[in-house]
>>> print(open('final36.tsv').read())   # TSV, C-alpha atoms
chain	number	residue	atom	x	y	z
A	1	MET	CA	-14.91	-20.74	-159.54
A	2	LYS	CA	-16.34	-18.50	-162.27
A	3	GLU	CA	-16.64	-14.87	-161.33
A	4	ARG	CA	-17.36	-13.35	-164.73
A	5	ALA	CA	-19.81	-14.06	-167.51
A	6	GLU	CA	-18.58	-16.63	-170.01
A	7	ASP	CA	-17.20	-15.04	-173.13
A	8	GLY	CA	-16.38	-16.50	-176.56
A	9	LEU	CA	-12.82	-15.26	-176.31
A	10	GLU	CA	-12.31	-16.79	-172.89
A	11	LYS	CA	-13.64	-20.11	-174.21
A	12	LEU	CA	-11.25	-19.95	-177.17
A	13	LEU	CA	-8.39	-19.14	-174.82
A	14	ARG	CA	-9.16	-22.10	-172.57
A	15	GLU	CA	-9.41	-24.40	-175.57
A	16	THR	CA	-6.11	-23.11	-176.91
A	17	LEU	CA	-4.26	-23.19	-173.61
A	18	PRO	CA	-5.88	-25.78	-171.36
A	19	ALA	CA	-5.49	-25.45	-167.61
A	20	VAL	CA	-2.50	-27.21	-166.07
A	21	LYS	CA	-3.39	-30.34	-164.09
A	22	ASP	CA	-3.30	-29.94	-160.31
A	23	ASP	CA	-1.07	-32.99	-159.80
A	24	ALA	CA	1.81	-31.57	-161.85
A	25	GLY	CA	5.16	-31.98	-160.12
A	26	PRO	CA	8.84	-31.66	-161.06
A	27	GLU	CA	10.40	-34.63	-162.82
A	28	ARG	CA	13.56	-34.54	-160.67
A	29	ASP	CA	14.56	-33.70	-157.14
A	30	LEU	CA	15.33	-29.98	-157.16
A	31	TRP	CA	16.92	-29.87	-153.70
A	32	PRO	CA	20.50	-30.65	-154.87
A	33	ALA	CA	20.42	-27.69	-157.27
A	34	LEU	CA	19.17	-25.40	-154.54
A	35	GLU	CA	21.69	-26.73	-152.02
A	36	ARG	CA	24.52	-26.08	-154.49
A	37	ARG	CA	23.36	-22.51	-154.77
A	38	ILE	CA	23.21	-22.06	-151.01
A	39	ASN	CA	26.66	-23.59	-150.55
A	40	SER	CA	28.20	-21.36	-153.21
A	41	GLN	CA	26.80	-18.37	-151.33
A	42	GLU	CA	28.22	-19.65	-148.04
A	43	ALA	CA	31.61	-20.06	-149.73
A	44	ALA	CA	31.47	-16.47	-150.95
A	45	ARG	CA	30.72	-15.18	-147.44
A	46	PRO	CA	34.37	-14.76	-146.22
A	47	ALA	CA	34.84	-12.11	-148.90
A	48	ALA	CA	31.88	-10.23	-147.48
A	49	GLN	CA	33.30	-10.61	-143.98
A	50	MET	CA	36.52	-9.03	-145.24
A	51	GLY	CA	34.44	-5.94	-145.89
A	52	ILE	CA	33.51	-5.85	-142.20
A	53	GLY	CA	37.23	-6.23	-141.35
A	54	TRP	CA	38.07	-3.16	-143.42
A	55	ALA	CA	35.25	-1.22	-141.75
A	56	CYS	CA	36.79	-2.06	-138.33
A	57	PHE	CA	40.24	-1.02	-139.56
A	58	ASP	CA	38.85	2.29	-140.86
A	59	GLY	CA	37.18	2.91	-137.49
A	60	ALA	CA	40.37	2.16	-135.56
A	61	LEU	CA	42.40	4.47	-137.82
A	62	LEU	CA	39.90	7.27	-137.34
A	63	ALA	CA	39.89	6.76	-133.57
A	64	GLY	CA	43.72	6.91	-133.57
A	65	LEU	CA	43.74	10.14	-135.53
A	66	VAL	CA	41.18	11.71	-133.22
A	67	LEU	CA	43.21	10.63	-130.19
A	68	LEU	CA	46.36	12.08	-131.75
A	69	ALA	CA	44.60	15.36	-132.49
A	70	VAL	CA	43.23	15.62	-128.93
A	71	SER	CA	46.56	14.68	-127.29
A	72	PHE	CA	48.72	16.84	-129.53
A	73	PRO	CA	46.64	19.72	-130.98
A	74	ALA	CA	49.71	20.99	-132.78
A	75	THR	CA	49.46	18.04	-135.18
A	76	ILE	CA	46.02	19.15	-136.47
A	77	PRO	CA	47.39	21.43	-139.26
A	78	LEU	CA	49.73	18.61	-140.27
A	79	LEU	CA	46.86	16.10	-140.39
A	80	LEU	CA	44.70	18.54	-142.37
A	81	TYR	CA	47.56	19.07	-144.80
A	82	TYR	CA	47.73	15.34	-145.53
A	83	LEU	CA	43.98	14.77	-145.77
B	1	MET	CA	1.29	-30.60	-135.46
B	2	GLU	CA	0.57	-26.88	-135.69
B	3	LYS	CA	3.17	-26.20	-133.02
B	4	GLU	CA	5.69	-28.28	-134.94
B	5	ALA	CA	5.04	-26.24	-138.09
B	6	SER	CA	5.38	-23.05	-136.09
B	7	ASN	CA	8.70	-24.23	-134.60
B	8	LEU	CA	9.92	-25.13	-138.06
B	9	LEU	CA	9.17	-21.65	-139.35
B	10	GLU	CA	10.80	-20.08	-136.29
B	11	GLU	CA	13.95	-22.14	-136.82
B	12	PHE	CA	13.95	-21.15	-140.47
B	13	ARG	CA	13.84	-17.48	-139.52
B	14	HIS	CA	16.11	-17.26	-136.52
B	15	GLY	CA	17.85	-20.61	-135.97
B	16	SER	CA	21.55	-21.39	-136.05
B	17	PRO	CA	22.98	-21.87	-139.60
B	18	GLU	CA	22.58	-25.66	-139.28
B	19	ALA	CA	19.02	-25.35	-137.97
B	20	VAL	CA	18.12	-22.90	-140.74
B	21	HIS	CA	19.49	-25.29	-143.34
B	22	ALA	CA	17.60	-28.28	-141.92
B	23	ALA	CA	14.35	-26.32	-141.54
B	24	PHE	CA	14.69	-24.94	-145.05
B	25	GLU	CA	15.15	-28.39	-146.55
B	26	ARG	CA	11.99	-29.59	-144.79
B	27	LEU	CA	10.04	-26.56	-145.98
B	28	PHE	CA	11.36	-27.07	-149.49
B	29	ARG	CA	10.35	-30.73	-149.59
B	30	GLU	CA	6.91	-29.86	-148.20
B	31	HIS	CA	6.18	-27.04	-150.61
B	32	GLN	CA	8.25	-27.63	-153.76
B	33	ARG	CA	5.44	-29.44	-155.56
B	34	ALA	CA	2.92	-26.68	-154.87
B	35	VAL	CA	5.38	-23.96	-155.91
B	36	TYR	CA	6.36	-25.87	-159.05
B	37	GLY	CA	2.69	-26.39	-159.97
B	38	TRP	CA	1.97	-22.71	-159.46
B	39	ILE	CA	4.87	-21.63	-161.65
B	40	LEU	CA	3.97	-24.18	-164.31
B	41	ARG	CA	0.49	-22.69	-164.49
B	42	ILE	CA	2.05	-19.32	-165.30
B	43	THR	CA	4.92	-20.34	-167.56
B	44	ARG	CA	3.42	-23.53	-169.09
B	45	ASN	CA	7.00	-24.68	-169.55
B	46	PRO	CA	8.15	-27.61	-167.33
B	47	ALA	CA	11.88	-26.88	-167.71
B	48	ALA	CA	11.41	-23.22	-166.84
B	49	ALA	CA	9.13	-24.18	-163.95
B	50	GLU	CA	11.89	-26.35	-162.46
B	51	GLU	CA	14.46	-23.60	-162.81
B	52	LEU	CA	12.09	-21.00	-161.37
B	53	THR	CA	11.18	-23.25	-158.45
B	54	VAL	CA	14.86	-23.28	-157.47
B	55	GLU	CA	15.07	-19.52	-158.04
B	56	SER	CA	11.95	-18.91	-155.93
B	57	PHE	CA	13.23	-20.96	-153.01
B	58	TRP	CA	16.56	-19.20	-153.30
B	59	ARG	CA	14.76	-15.87	-152.95
B	60	ILE	CA	12.78	-17.30	-150.03
B	61	TYR	CA	16.02	-18.37	-148.34
B	62	GLN	CA	17.56	-14.94	-148.77
B	63	ALA	CA	14.45	-13.12	-147.54
B	64	ARG	CA	13.80	-15.42	-144.56
B	65	SER	CA	14.35	-12.67	-141.98
B	66	ARG	CA	11.46	-10.71	-143.51
B	67	PHE	CA	9.06	-13.64	-143.38
B	68	ASP	CA	5.97	-13.04	-141.24
B	69	PRO	CA	4.75	-16.40	-139.82
B	70	ALA	CA	1.31	-14.89	-139.18
B	71	ARG	CA	0.73	-14.70	-142.95
B	72	GLY	CA	1.67	-18.32	-143.63
B	73	PHE	CA	4.49	-19.82	-145.63
B	74	GLU	CA	2.50	-21.06	-148.61
B	75	GLY	CA	1.03	-17.68	-149.52
B	76	TRP	CA	4.41	-16.00	-149.10
B	77	ALA	CA	6.12	-18.62	-151.24
B	78	ARG	CA	3.43	-18.32	-153.89
B	79	ARG	CA	3.91	-14.56	-154.02
B	80	ILE	CA	7.65	-14.86	-154.43
B	81	ALA	CA	7.16	-17.57	-157.07
B	82	SER	CA	4.72	-15.33	-158.96
B	83	HIS	CA	7.29	-12.55	-159.07
B	84	ALA	CA	9.99	-14.94	-160.25
B	85	ALA	CA	7.66	-16.21	-162.97
B	86	LEU	CA	6.76	-12.65	-163.96
B	87	ASP	CA	10.46	-11.80	-164.30
B	88	TRP	CA	10.82	-14.86	-166.53
B	89	LEU	CA	7.87	-13.79	-168.72
B	90	ARG	CA	9.45	-10.34	-169.08
B	91	ALA	CA	12.81	-11.82	-170.06
B	92	GLN	CA	11.15	-14.19	-172.54
B	93	ARG	CA	9.22	-11.36	-174.11
B	94	LEU	CA	12.41	-9.41	-174.64
B	95	GLU	CA	14.31	-12.45	-175.89
B	96	ARG	CA	11.93	-13.64	-178.54
B	97	GLU	CA	9.03	-12.27	-180.46
B	98	ASP	CA	7.93	-15.71	-181.55
B	99	SER	CA	5.88	-17.08	-178.68
B	100	MET	CA	4.79	-20.27	-180.38
B	101	GLU	CA	6.50	-22.18	-177.57
B	102	LEU	CA	3.65	-21.05	-175.39
B	103	CYS	CA	1.33	-23.55	-177.02
B	104	GLY	CA	4.06	-26.03	-177.87
B	105	GLU	CA	4.01	-27.66	-174.46
B	106	VAL	CA	0.26	-28.11	-174.23
B	107	SER	CA	-2.22	-29.66	-176.59
B	108	ALA	CA	-5.86	-28.83	-177.16
B	109	PRO	CA	-8.24	-30.57	-174.76
B	110	MET	CA	-10.51	-33.42	-175.87
B	111	GLU	CA	-13.66	-31.27	-175.69
B	112	ALA	CA	-12.21	-28.58	-177.99
B	113	ASP	CA	-14.64	-27.12	-180.49
B	114	PRO	CA	-13.94	-28.87	-183.86
B	115	ALA	CA	-14.90	-25.69	-185.69
B	116	VAL	CA	-11.89	-23.94	-184.18
B	117	THR	CA	-8.98	-24.82	-186.39
B	118	ALA	CA	-5.43	-25.49	-185.30
B	119	GLU	CA	-4.39	-22.31	-187.06
B	120	ILE	CA	-6.82	-20.20	-185.02
B	121	ARG	CA	-5.52	-21.78	-181.83
B	122	ALA	CA	-1.93	-21.16	-182.86
B	123	ARG	CA	-2.68	-17.51	-183.64
B	124	THR	CA	-4.55	-17.12	-180.36
B	125	ALA	CA	-1.62	-18.59	-178.43
B	126	LEU	CA	0.79	-16.32	-180.28
B	127	ALA	CA	-1.31	-13.22	-179.61
B	128	PHE	CA	-1.70	-14.20	-175.95
B	129	GLY	CA	2.06	-14.69	-175.63
B	130	ARG	CA	2.59	-11.16	-176.90
B	131	LEU	CA	0.46	-9.55	-174.21
B	132	PRO	CA	2.32	-7.43	-171.64
B	133	PRO	CA	3.58	-9.87	-168.95
B	134	LYS	CA	1.52	-8.31	-166.14
B	135	LEU	CA	-1.68	-8.73	-168.13
B	136	ARG	CA	-0.67	-12.18	-169.34
B	137	ILE	CA	0.07	-13.56	-165.88
B	138	THR	CA	-3.23	-12.24	-164.52
B	139	ALA	CA	-5.28	-13.54	-167.43
B	140	THR	CA	-3.52	-16.92	-167.26
B	141	LEU	CA	-4.44	-17.39	-163.62
B	142	ALA	CA	-7.92	-15.84	-163.68
B	143	VAL	CA	-9.21	-16.90	-167.12
B	144	ILE	CA	-7.30	-20.01	-168.21
B	145	GLU	CA	-6.77	-21.54	-164.77
B	146	GLU	CA	-10.10	-20.12	-163.54
B	147	LEU	CA	-8.73	-19.33	-160.10
B	148	PRO	CA	-10.71	-17.07	-157.78
B	149	GLN	CA	-9.79	-13.44	-158.32
B	150	ARG	CA	-8.98	-13.03	-154.63
B	151	GLU	CA	-6.42	-15.85	-154.84
B	152	VAL	CA	-4.88	-14.26	-157.94
B	153	ALA	CA	-4.77	-10.87	-156.21
B	154	LEU	CA	-3.01	-12.30	-153.16
B	155	ALA	CA	-0.45	-14.15	-155.26
B	156	LEU	CA	0.37	-11.09	-157.34
B	157	GLY	CA	0.24	-8.64	-154.45
B	158	ILE	CA	-2.47	-6.50	-156.04
B	159	SER	CA	-6.13	-5.72	-155.27
B	160	VAL	CA	-9.09	-7.69	-156.63
B	161	ALA	CA	-10.11	-4.56	-158.55
B	162	ALA	CA	-6.67	-4.50	-160.19
B	163	VAL	CA	-7.11	-8.15	-161.20
B	164	LYS	CA	-10.42	-7.29	-162.85
B	165	VAL	CA	-8.89	-4.36	-164.68
B	166	ARG	CA	-5.93	-6.42	-165.89
B	167	VAL	CA	-8.17	-9.25	-167.12
B	168	PHE	CA	-10.39	-6.75	-168.91
B	169	ARG	CA	-7.40	-5.09	-170.57
B	170	ALA	CA	-5.83	-8.42	-171.50
B	171	LEU	CA	-9.00	-9.67	-173.17
B	172	ARG	CA	-9.56	-6.36	-174.93
B	173	LEU	CA	-6.01	-6.35	-176.35
B	174	LEU	CA	-6.31	-9.99	-177.35
B	175	ARG	CA	-9.67	-9.45	-179.02
B	176	ARG	CA	-8.34	-6.46	-180.96
B	177	GLU	CA	-5.30	-8.40	-182.13
B	178	LEU	CA	-7.36	-11.40	-183.22
B	179	GLU	CA	-9.89	-9.20	-185.00
B	180	ARG	CA	-7.01	-7.50	-186.80
B	181	GLN	CA	-6.08	-10.95	-188.08
B	182	GLY	CA	-9.67	-11.63	-189.14
B	183	ILE	CA	-10.52	-13.94	-186.22
B	184	ARG	CA	-13.79	-13.13	-184.44
B	185	PRO	CA	-14.15	-15.20	-181.29
>>> encode(input="final36.tsv", output="structure tokens")
Amino acid sequence: MKERAEDGLEKLLRETLPAVKDDAGPERDLWPALERRINSQEAARPAAQMGIGWACFDGALLAGLVLLAVSFPATIPLLLYYL
Amino acid sequence: MEKEASNLLEEFRHGSPEAVHAAFERLFREHQRAVYGWILRITRNPAAAEELTVESFWRIYQARSRFDPARGFEGWARRIASHAALDWLRAQRLEREDSMELCGEVSAPMEADPAVTAEIRARTALAFGRLPPKLRITATLAVIEELPQREVALALGISVAAVKVRVFRALRLLRRELERQGIRP
């Protein structure tokens, strides 16, 4: 569909770089390459899950410290000293 | 049929890992040709188009939770593919100044004006390859591929007015460069 007036430069451009045919398709099946990429990401996932594990550990440690401070207020200066 | 397509997209977004994988493979096989063709129109390089088709579907896979079924898969995929192709054009521009490869993959059509020499075509291709990637991608789709401006705007995620401005700027830059070289189209 033409939406602008034809121009000499546009004509030259189309002659120089002809439009790509609509029926163009890849010469090989690209799915295996994509699947490899997905699988490599899945394999890398446990490392990411380890991050979640550390977050849980941090939370538990914090909860323990808070509990200690509430149960034994005398330990607060000691905890602050080591922070 | 429509319901099946809708179920497929729903599985792709929120299914179990196995269902996502199966749905994604079906979507890939359904749309890979269209995505490849779209990228080839922009890059004009079959090897790069294959690589970028994989890259585009990889981005689609990663962004599946953000997919809005109401807007359709094809348009979304085309938009992601356009961005992947634009990234490639940017990288190519930085990598090499010599853009002769741009016309290396395609030959002049049969109805080419015989008065226009091969040298003029080569210089035109070179000058076009040196345009800023955003202008080049827009001019490729709107001028060379003669796609409707609305379609170009949707694929690039810009307004129709922005497409017009980019085409205008691309042609103005190209004309100036060619005139500087003594070519008056």
>>> interface_residues(input="final36.tsv", of="chain A", to="chain B", cutoff="10 Å", atoms="only C-alpha atoms", output="number ranges by chain")
A: 1-4, 6-35, 37-38
>>> write_last_selection(input="final36.tsv", atoms="C-alpha atoms", output="mmCIF file, in the coordinates of the input")
data_model
loop_
_atom_site.group_PDB
_atom_site.id
_atom_site.type_symbol
_atom_site.label_atom_id
_atom_site.label_comp_id
_atom_site.auth_asym_id
_atom_site.auth_seq_id
_atom_site.Cartn_x
_atom_site.Cartn_y
_atom_site.Cartn_z
ATOM 1 C CA MET A 1 -14.910 -20.740 -159.540
ATOM 2 C CA LYS A 2 -16.340 -18.500 -162.270
ATOM 3 C CA GLU A 3 -16.640 -14.870 -161.330
ATOM 4 C CA ARG A 4 -17.360 -13.350 -164.730
ATOM 5 C CA GLU A 6 -18.580 -16.630 -170.010
ATOM 6 C CA ASP A 7 -17.200 -15.040 -173.130
ATOM 7 C CA GLY A 8 -16.380 -16.500 -176.560
ATOM 8 C CA LEU A 9 -12.820 -15.260 -176.310
ATOM 9 C CA GLU A 10 -12.310 -16.790 -172.890
ATOM 10 C CA LYS A 11 -13.640 -20.110 -174.210
ATOM 11 C CA LEU A 12 -11.250 -19.950 -177.170
ATOM 12 C CA LEU A 13 -8.390 -19.140 -174.820
ATOM 13 C CA ARG A 14 -9.160 -22.100 -172.570
ATOM 14 C CA GLU A 15 -9.410 -24.400 -175.570
ATOM 15 C CA THR A 16 -6.110 -23.110 -176.910
ATOM 16 C CA LEU A 17 -4.260 -23.190 -173.610
ATOM 17 C CA PRO A 18 -5.880 -25.780 -171.360
ATOM 18 C CA ALA A 19 -5.490 -25.450 -167.610
ATOM 19 C CA VAL A 20 -2.500 -27.210 -166.070
ATOM 20 C CA LYS A 21 -3.390 -30.340 -164.090
ATOM 21 C CA ASP A 22 -3.300 -29.940 -160.310
ATOM 22 C CA ASP A 23 -1.070 -32.990 -159.800
ATOM 23 C CA ALA A 24 1.810 -31.570 -161.850
ATOM 24 C CA GLY A 25 5.160 -31.980 -160.120
ATOM 25 C CA PRO A 26 8.840 -31.660 -161.060
ATOM 26 C CA GLU A 27 10.400 -34.630 -162.820
ATOM 27 C CA ARG A 28 13.560 -34.540 -160.670
ATOM 28 C CA ASP A 29 14.560 -33.700 -157.140
ATOM 29 C CA LEU A 30 15.330 -29.980 -157.160
ATOM 30 C CA TRP A 31 16.920 -29.870 -153.700
ATOM 31 C CA PRO A 32 20.500 -30.650 -154.870
ATOM 32 C CA ALA A 33 20.420 -27.690 -157.270
ATOM 33 C CA LEU A 34 19.170 -25.400 -154.540
ATOM 34 C CA GLU A 35 21.690 -26.730 -152.020
ATOM 35 C CA ARG A 37 23.360 -22.510 -154.770
ATOM 36 C CA ILE A 38 23.210 -22.060 -151.010
#
>>> atom_distance(input="final36.tsv", atom1="CA of Ala155 in chain B", atom2="CA of Ile80 in chain B")
8.2 Å
>>> atom_distance(input="final36.tsv", atom1="CA of Glu11 in chain B", atom2="CA of Ser65 in chain B")
10.8 Å
>>> atom_distance(input="final36.tsv", atom1="CA of Leu27 in chain B", atom2="CA of Ile39 in chain B")
17.2 Å
>>> residues_around(input="final36.tsv", residues="range 130-138 of chain B", least_positions_apart="4", cutoff="9 Å", atoms="all atoms listed in the file", output="MDAnalysis selection string")
chainID B and resid 42:43 82 85:87 89:90 93 97:99 125:126 142:143 152:153 156 163:164 166:171 173:174
>>> residues_around(input="final36.tsv", residues="Ile76 in chain A", least_positions_apart="6", cutoff="12 Å", atoms="all atoms listed in the file", output="list of chain:residue names")
A:Leu65, A:Val66, A:Leu67, A:Leu68, A:Ala69, A:Val70, A:Tyr82, A:Leu83
>>> build_atoms(input="final36.tsv", residues="range 26-48 of chain B", atoms="N, CA, C and O atoms", output="mmCIF file, keeping the file's coordinate frame")
data_model
loop_
_atom_site.group_PDB
_atom_site.id
_atom_site.type_symbol
_atom_site.label_atom_id
_atom_site.label_comp_id
_atom_site.auth_asym_id
_atom_site.auth_seq_id
_atom_site.Cartn_x
_atom_site.Cartn_y
_atom_site.Cartn_z
ATOM 1 N N ARG B 26 13.325 -29.021 -145.074
ATOM 2 C CA ARG B 26 11.990 -29.590 -144.790
ATOM 3 C C ARG B 26 10.900 -28.750 -145.455
ATOM 4 O O ARG B 26 9.966 -29.280 -146.046
ATOM 5 N N LEU B 27 11.037 -27.445 -145.347
ATOM 6 C CA LEU B 27 10.040 -26.560 -145.980
ATOM 7 C C LEU B 27 10.038 -26.753 -147.491
ATOM 8 O O LEU B 27 8.987 -26.779 -148.132
ATOM 9 N N PHE B 28 11.252 -26.881 -148.046
ATOM 10 C CA PHE B 28 11.360 -27.070 -149.490
ATOM 11 C C PHE B 28 10.662 -28.358 -149.913
ATOM 12 O O PHE B 28 9.862 -28.360 -150.852
ATOM 13 N N ARG B 29 10.934 -29.437 -149.207
ATOM 14 C CA ARG B 29 10.350 -30.730 -149.590
ATOM 15 C C ARG B 29 8.830 -30.714 -149.402
ATOM 16 O O ARG B 29 8.105 -31.355 -150.147
ATOM 17 N N GLU B 30 8.356 -29.958 -148.440
ATOM 18 C CA GLU B 30 6.910 -29.860 -148.200
ATOM 19 C C GLU B 30 6.206 -29.044 -149.276
ATOM 20 O O GLU B 30 5.087 -29.344 -149.649
ATOM 21 N N HIS B 31 6.866 -28.008 -149.744
ATOM 22 C CA HIS B 31 6.180 -27.040 -150.610
ATOM 23 C C HIS B 31 6.653 -27.020 -152.064
ATOM 24 O O HIS B 31 6.071 -26.313 -152.870
ATOM 25 N N GLN B 32 7.699 -27.762 -152.399
ATOM 26 C CA GLN B 32 8.250 -27.630 -153.760
ATOM 27 C C GLN B 32 7.219 -27.998 -154.830
ATOM 28 O O GLN B 32 7.158 -27.379 -155.885
ATOM 29 N N ARG B 33 6.416 -28.989 -154.566
ATOM 30 C CA ARG B 33 5.440 -29.440 -155.560
ATOM 31 C C ARG B 33 4.391 -28.345 -155.818
ATOM 32 O O ARG B 33 4.037 -28.063 -156.961
ATOM 33 N N ALA B 34 3.927 -27.736 -154.742
ATOM 34 C CA ALA B 34 2.920 -26.680 -154.870
ATOM 35 C C ALA B 34 3.494 -25.471 -155.617
ATOM 36 O O ALA B 34 2.848 -24.890 -156.496
ATOM 37 N N VAL B 35 4.741 -25.121 -155.262
ATOM 38 C CA VAL B 35 5.380 -23.960 -155.910
ATOM 39 C C VAL B 35 5.634 -24.264 -157.381
ATOM 40 O O VAL B 35 5.368 -23.435 -158.254
ATOM 41 N N TYR B 36 6.109 -25.484 -157.644
ATOM 42 C CA TYR B 36 6.360 -25.870 -159.050
ATOM 43 C C TYR B 36 5.052 -25.809 -159.853
ATOM 44 O O TYR B 36 5.012 -25.274 -160.960
ATOM 45 N N GLY B 37 3.994 -26.375 -159.281
ATOM 46 C CA GLY B 37 2.690 -26.390 -159.970
ATOM 47 C C GLY B 37 2.194 -24.986 -160.261
ATOM 48 O O GLY B 37 1.666 -24.707 -161.339
ATOM 49 N N TRP B 38 2.410 -24.106 -159.288
ATOM 50 C CA TRP B 38 1.970 -22.710 -159.460
ATOM 51 C C TRP B 38 2.737 -22.043 -160.602
ATOM 52 O O TRP B 38 2.156 -21.384 -161.469
ATOM 53 N N ILE B 39 4.038 -22.245 -160.608
ATOM 54 C CA ILE B 39 4.870 -21.630 -161.650
ATOM 55 C C ILE B 39 4.547 -22.228 -163.013
ATOM 56 O O ILE B 39 4.496 -21.516 -164.021
ATOM 57 N N LEU B 40 4.295 -23.533 -163.028
ATOM 58 C CA LEU B 40 3.970 -24.180 -164.310
ATOM 59 C C LEU B 40 2.679 -23.607 -164.895
ATOM 60 O O LEU B 40 2.552 -23.441 -166.102
ATOM 61 N N ARG B 41 1.745 -23.285 -164.018
ATOM 62 C CA ARG B 41 0.490 -22.690 -164.490
ATOM 63 C C ARG B 41 0.766 -21.357 -165.206
ATOM 64 O O ARG B 41 0.113 -21.019 -166.173
ATOM 65 N N ILE B 42 1.745 -20.635 -164.720
ATOM 66 C CA ILE B 42 2.050 -19.320 -165.300
ATOM 67 C C ILE B 42 2.924 -19.456 -166.550
ATOM 68 O O ILE B 42 2.646 -18.853 -167.582
ATOM 69 N N THR B 43 3.966 -20.261 -166.447
ATOM 70 C CA THR B 43 4.920 -20.340 -167.560
ATOM 71 C C THR B 43 4.519 -21.368 -168.617
ATOM 72 O O THR B 43 4.895 -21.243 -169.780
ATOM 73 N N ARG B 44 3.818 -22.432 -168.206
ATOM 74 C CA ARG B 44 3.420 -23.530 -169.090
ATOM 75 C C ARG B 44 4.643 -24.175 -169.742
ATOM 76 O O ARG B 44 4.561 -24.656 -170.869
ATOM 77 N N ASN B 45 5.740 -24.134 -169.037
ATOM 78 C CA ASN B 45 7.000 -24.680 -169.550
ATOM 79 C C ASN B 45 7.666 -25.464 -168.410
ATOM 80 O O ASN B 45 8.202 -24.853 -167.473
ATOM 81 N N PRO B 46 7.634 -26.810 -168.454
ATOM 82 C CA PRO B 46 8.150 -27.610 -167.330
ATOM 83 C C PRO B 46 9.613 -27.318 -166.983
ATOM 84 O O PRO B 46 9.967 -27.254 -165.801
ATOM 85 N N ALA B 47 10.462 -27.135 -168.001
ATOM 86 C CA ALA B 47 11.880 -26.880 -167.710
ATOM 87 C C ALA B 47 12.051 -25.545 -166.985
ATOM 88 O O ALA B 47 12.794 -25.440 -166.000
ATOM 89 N N ALA B 48 11.330 -24.538 -167.481
ATOM 90 C CA ALA B 48 11.410 -23.220 -166.840
ATOM 91 C C ALA B 48 10.812 -23.285 -165.432
ATOM 92 O O ALA B 48 11.331 -22.637 -164.510
#
